[in-house]
Each structure stands twice: as structure tokens, then as C-alpha cells.
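**Q** Pasting a structure here, questions to come.
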Amino acid sequence: MKILVTGTAGFIGSTLSLKLLERGDEVIGIDNLNDYYDVNLKIARLERVKAYDNFTEVRGDLEDRDLIAKAFAEHKPERVVNLAAQAGVRYSLENPYAYLESNVLGFLNILESCRYNEVQHLVYASSSSVYGNHTNMPFSVHGHVDHPMSLYAATKKSNELMAHTYSSLFNIPTTGLRFFTVYGPWGRPDMALFLFAKNILAGEPIDLFNYGKHKRDFTFVEDIVEGVIRTLDNVATPNPDWSSDNPDPATSSAPYRVYNIGNNSPVDLEHYIAVLEDCLGKKAIKNPLPLQAGDVPNTYADVSDLVNDVGYKPETTVEEGIAKFVEWYREYYKV
């Protein structure tokens, strides 16, 4: 198929693009290579993707309406995966406008281009952060998510609402994927595993927010990508049993779906760090700190819908995943 992917220089986007290219799909990749973190890492990811003849690069911002419209009109993608976004919960406290521009206005441009170019299926990244301060676990897509704890989470929730609107008005099949704490090779330098590895190897302290009492449904990047591909191939359809008297948030009378993609196995942050210490062969110096604004203590994904609809459940353990990350990190940074 001809598939347009946004965020192809990103952590998940580059890994997804490689998998699609390897199976023979044609990929049109959009990224702006912004400097939110190390641009050289983004360039290195992109170089792996550009090695394939069936990849076409488009450089620019999602919020550039004309650029997005031109990319769709010129390449006529059959399906679209929107992964580009301003990421990070904590950074949304510092630069809120970046989130509205990229995550809301940029997503509107994607939706409008899908509307006018007969796209068969739009799959887009949502986030486990939409669950906010929920304590009813595991988090189910069939529960309401109306209490976000960060602007980042609010923009992801807005993406789900916007997608539903376009599915309803224009019959565009859309699938939202709530990712749970993604980690692995080629990851983002602002994420915990990356920061921990860097500081442990340098002999510097690691910050443990909430005094290290987090539980996270850590999900290996290749498991996330497999879930994205499975849902991309399974075009969203209306739920024939959907009732407006008892509306299900995860489905609709329109061709609309929302899924969790998580490991369905929360891990204590302290265990996560212990595994990393074993892989690095070095102990961490720990700096316990209070829970940060916008953070939530625990996450836990109910993935039963993903299993039932596309026959897939992430299964990589943190022991396997962290070992693969450390192997990549040592090779990439020559440490």
C-alpha cells in the first residue's frame, strides 16, 4: 500500500516506517526535524529509513496547511499514520503553545487532507496520559477520560474527539491508539530510560519522582509498532451494537475505534532501574523527589479489545527490552 507516516524521524515513526518498508509498502514520510531534542539522533533515524527506494521524504510542519495539503494531493496515500506531535508531559508546562500548534492544529490539517483525498484509514497516536488521575485499573478504553492532568494529555484527548467528528461527518475510518510508556532502541533522550542510562554511566544521580514509587506499563517499541500495523490493516468500522442511550467511548455508530497498546503488566520503577543497573553493570545514585505536576503515579493497560479485534498483545518483558536498549545505546554512543 501507499502509506503516509508523520513523525518519520521520531522514535516510533522511524521504527514503524522501517517495518512498513521492509514488507513492501510505499511510505511517504513527513517530519520537521525540530530541535526539541538532539537533531543528530533524528537525522540518524531518518537515514536508516531513507536507505529504502520506496521511501519519499517530505520536510515540514504539520501546522503548515499548504504543505500538508500538497503532500496528500501529490502522493494520494491510501492510509495514514499520524505519529508526529509535540511530546512530553513536563514540557507542556513550559511551552503550552507548541502543543496546541502541533497536536491540535497539525492534526486538523491531517484530518482535512484525509477528508479531501479519499483516505481509506487514519491511525493516530493518542496516549495513556488521557486517563489522568484514574485509579480504576487496568485502564479501559470503555471508560470516560475527562480529567487530564496535563495539557499534553488534553491535546491527545482532543485528537480522539476530532477524529470522531470527522468519522461521523465524512465517514472517514479512524483508529486512535493510546500508547503506554514506550521504550527501546533509538528512543527519546528526554525519556526516563535514556536519562537513567546516561547518568548511571556518567556516575551522576538519577531523579526519582514520586520517590520512585511509580508503576508503569512499560511497552517495548517493536511491540507498539506491531500493534500499529495490525490496527492499520484492520480498518475501523461502525459498532452495530452502539447505543446512544449508553454510549461506548471506544466505539461509535461511525467508523471509529480507540485501543490501548500496553504491555498489560505494570512494573515498579525500582525494578525497572534494577534491571537497567544489571544490564549496565553499574549501580545508580538515586535522588528521590516528589511527584511532578502533570505526572500520574501508575499506569496499567487493558488490552482485551486489541486482542479481540486484531489478535495481538505486547509481550516483551522489561528484562528483554532493556537489554536491547542498552546494547543499542552502547553501540550508538560508543560507551
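Residue numbering restarts at 1 in every chain; chains get A, B, ... in the order shown in the C-alpha cells, and ligands count up from 1 in that same order.
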At a cut-off of 10 Å, using only C-alpha atoms, what residues contact Gly187 (chain A)? Leave out same-chain residues fewer than 3 positions from it and give the result as a list in words.

**A**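 The residues satisfying every condition are Gly10, Phe11, Ile12, Thr15, Leu41, Lys42, Arg45, Val182, Tyr183, Gly184, Asp190, Met191, Leu193, Phe194, Val221, Phe325, Trp328 and Tyr329 of chain A.
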
**Q** Please provide the set of residues having any atom within 8 Å of Asp268 (chain A), restricted to only C-alpha atoms, with same-chain residues fewer than 2 positions apart removed, written as a list in words.

**A**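 So the residues in contact are Lys213, His214, Lys215, Arg216, Pro266, Glu270, His271 and Tyr272 of chain A.
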
**Q** Write to file, as a short mmCIF file (atom, residue, chain, number, x, y, z; two decimals), in the first residue's frame, the residues of the selection just made, with C-alpha atoms.

**A**
data_model
loop_
_atom_site.label_atom_id
_atom_site.label_comp_id
_atom_site.auth_asym_id
_atom_site.auth_seq_id
_atom_site.Cartn_x
_atom_site.Cartn_y
_atom_site.Cartn_z
CA LYS A 213 7.01 4.75 43.82
CA HIS A 214 5.74 4.68 40.24
CA LYS A 215 4.29 1.68 38.44
CA ARG A 216 4.37 1.89 34.66
CA PRO A 266 2.81 -2.85 35.27
CA GLU A 270 12.56 0.41 41.26
CA HIS A 271 12.59 -2.96 39.45
CA TYR A 272 12.96 -1.20 36.09
#

**Q** Hey, could you make a per-residue contact list for region 159-273 of chain A against region 100-115 of chain A with 10 Å as the cut-off, showing the nearest pair of atoms and its distance in Å to one decimal, counting only C-alpha atoms, sorted by chain and number, as JSON lines?

**A**
{"residue": "A:Asn159", "atom": "CA", "partner": "A:Val104", "partner_atom": "CA", "distance": 6.8}
{"residue": "A:Met162", "atom": "CA", "partner": "A:Leu108", "partner_atom": "CA", "distance": 7.7}
{"residue": "A:Ala163", "atom": "CA", "partner": "A:Leu111", "partner_atom": "CA", "distance": 7.3}
{"residue": "A:Thr165", "atom": "CA", "partner": "A:Leu111", "partner_atom": "CA", "distance": 9.9}
{"residue": "A:Tyr166", "atom": "CA", "partner": "A:Leu111", "partner_atom": "CA", "distance": 7.1}
{"residue": "A:Ser167", "atom": "CA", "partner": "A:Arg115", "partner_atom": "CA", "distance": 9.4}
{"residue": "A:Leu169", "atom": "CA", "partner": "A:Arg115", "partner_atom": "CA", "distance": 9.7}
{"residue": "A:Phe170", "atom": "CA", "partner": "A:Arg115", "partner_atom": "CA", "distance": 6.8}
{"residue": "A:Asn171", "atom": "CA", "partner": "A:Arg115", "partner_atom": "CA", "distance": 8.8}
{"residue": "A:Ile172", "atom": "CA", "partner": "A:Arg115", "partner_atom": "CA", "distance": 7.0}
{"residue": "A:Pro173", "atom": "CA", "partner": "A:Cys114", "partner_atom": "CA", "distance": 9.8}
{"residue": "A:Thr174", "atom": "CA", "partner": "A:Leu111", "partner_atom": "CA", "distance": 9.6}

**Q** Which of region 41-87 of chain A counts as strand (DSSP E) under DSSP, as a short mmCIF file (atom, residue, chain, number, x, y, z; two decimals) with C-alpha atoms, in the first residue's frame please?

**A**
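Now in selection.cif:
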data_model
loop_
_atom_site.label_atom_id
_atom_site.label_comp_id
_atom_site.auth_asym_id
_atom_site.auth_seq_id
_atom_site.Cartn_x
_atom_site.Cartn_y
_atom_site.Cartn_z
CA PHE A 55 10.53 5.92 0.84
CA THR A 56 9.75 9.54 -0.06
CA GLU A 57 10.69 12.33 2.35
CA VAL A 58 8.61 15.47 2.91
CA ARG A 59 10.24 18.02 5.24
CA ARG A 79 -3.74 5.05 4.51
CA VAL A 80 -2.24 7.46 7.03
CA VAL A 81 -0.46 7.06 10.38
CA ASN A 82 -0.15 10.29 12.36
#

**Q** Within 9 Å of Gly227 (chain A), counting only C-alpha atoms, which residues qualify if same-chain residues fewer than 5 places away don't, as a ChimeraX atom specification?

**A** /A:177,222,232,261,306,310,312-314

**Q** Just checking: using only C-alpha atoms, which residue out of A:Ile30, A:Leu161, A:Val235, A:Leu20 ends up closest to Gln120 (chain A)?

**A**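 Checking each candidate against Gln120 (chain A), we get A:Val235 as the closest.
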
**Q** What does the distance from CA of Glu226 (chain A) to CA of Val130 (chain A) come to in Å, to one decimal?

**A**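 So the two atoms, CA of Glu226 (chain A) and CA of Val130 (chain A), lie 21.9 Å apart.
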
**Q** Apply DSSP to the structure's backbone, then extract all residues of region 219-335 of chain A labelled alpha helix (DSSP H) and return them as a ChimeraX atom specification.

**A** /A:221-233,269-280,304-310,318-333

**Q** Could you check which of A:Asp64, A:Glu94, A:Asp217, A:Glu74 is closest to Pro297 (chain A), using only C-alpha atoms?

**A** A:Asp217

**Q** So the first atom is CA of Gly176 (chain A) and the second is CA of Val49 (chain A); what is the distance between them in Å, to one decimal place?

**A** 24.3 Å

**Q** Calculated over only C-alpha atoms, which of the candidates A:Lys156, A:Lys19, A:Arg330, A:Lys324 has the smallest distance to Pro185 (chain A)?

**A**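 Among the listed residues, the smallest separation from Pro185 (chain A) belongs to A:Lys324.
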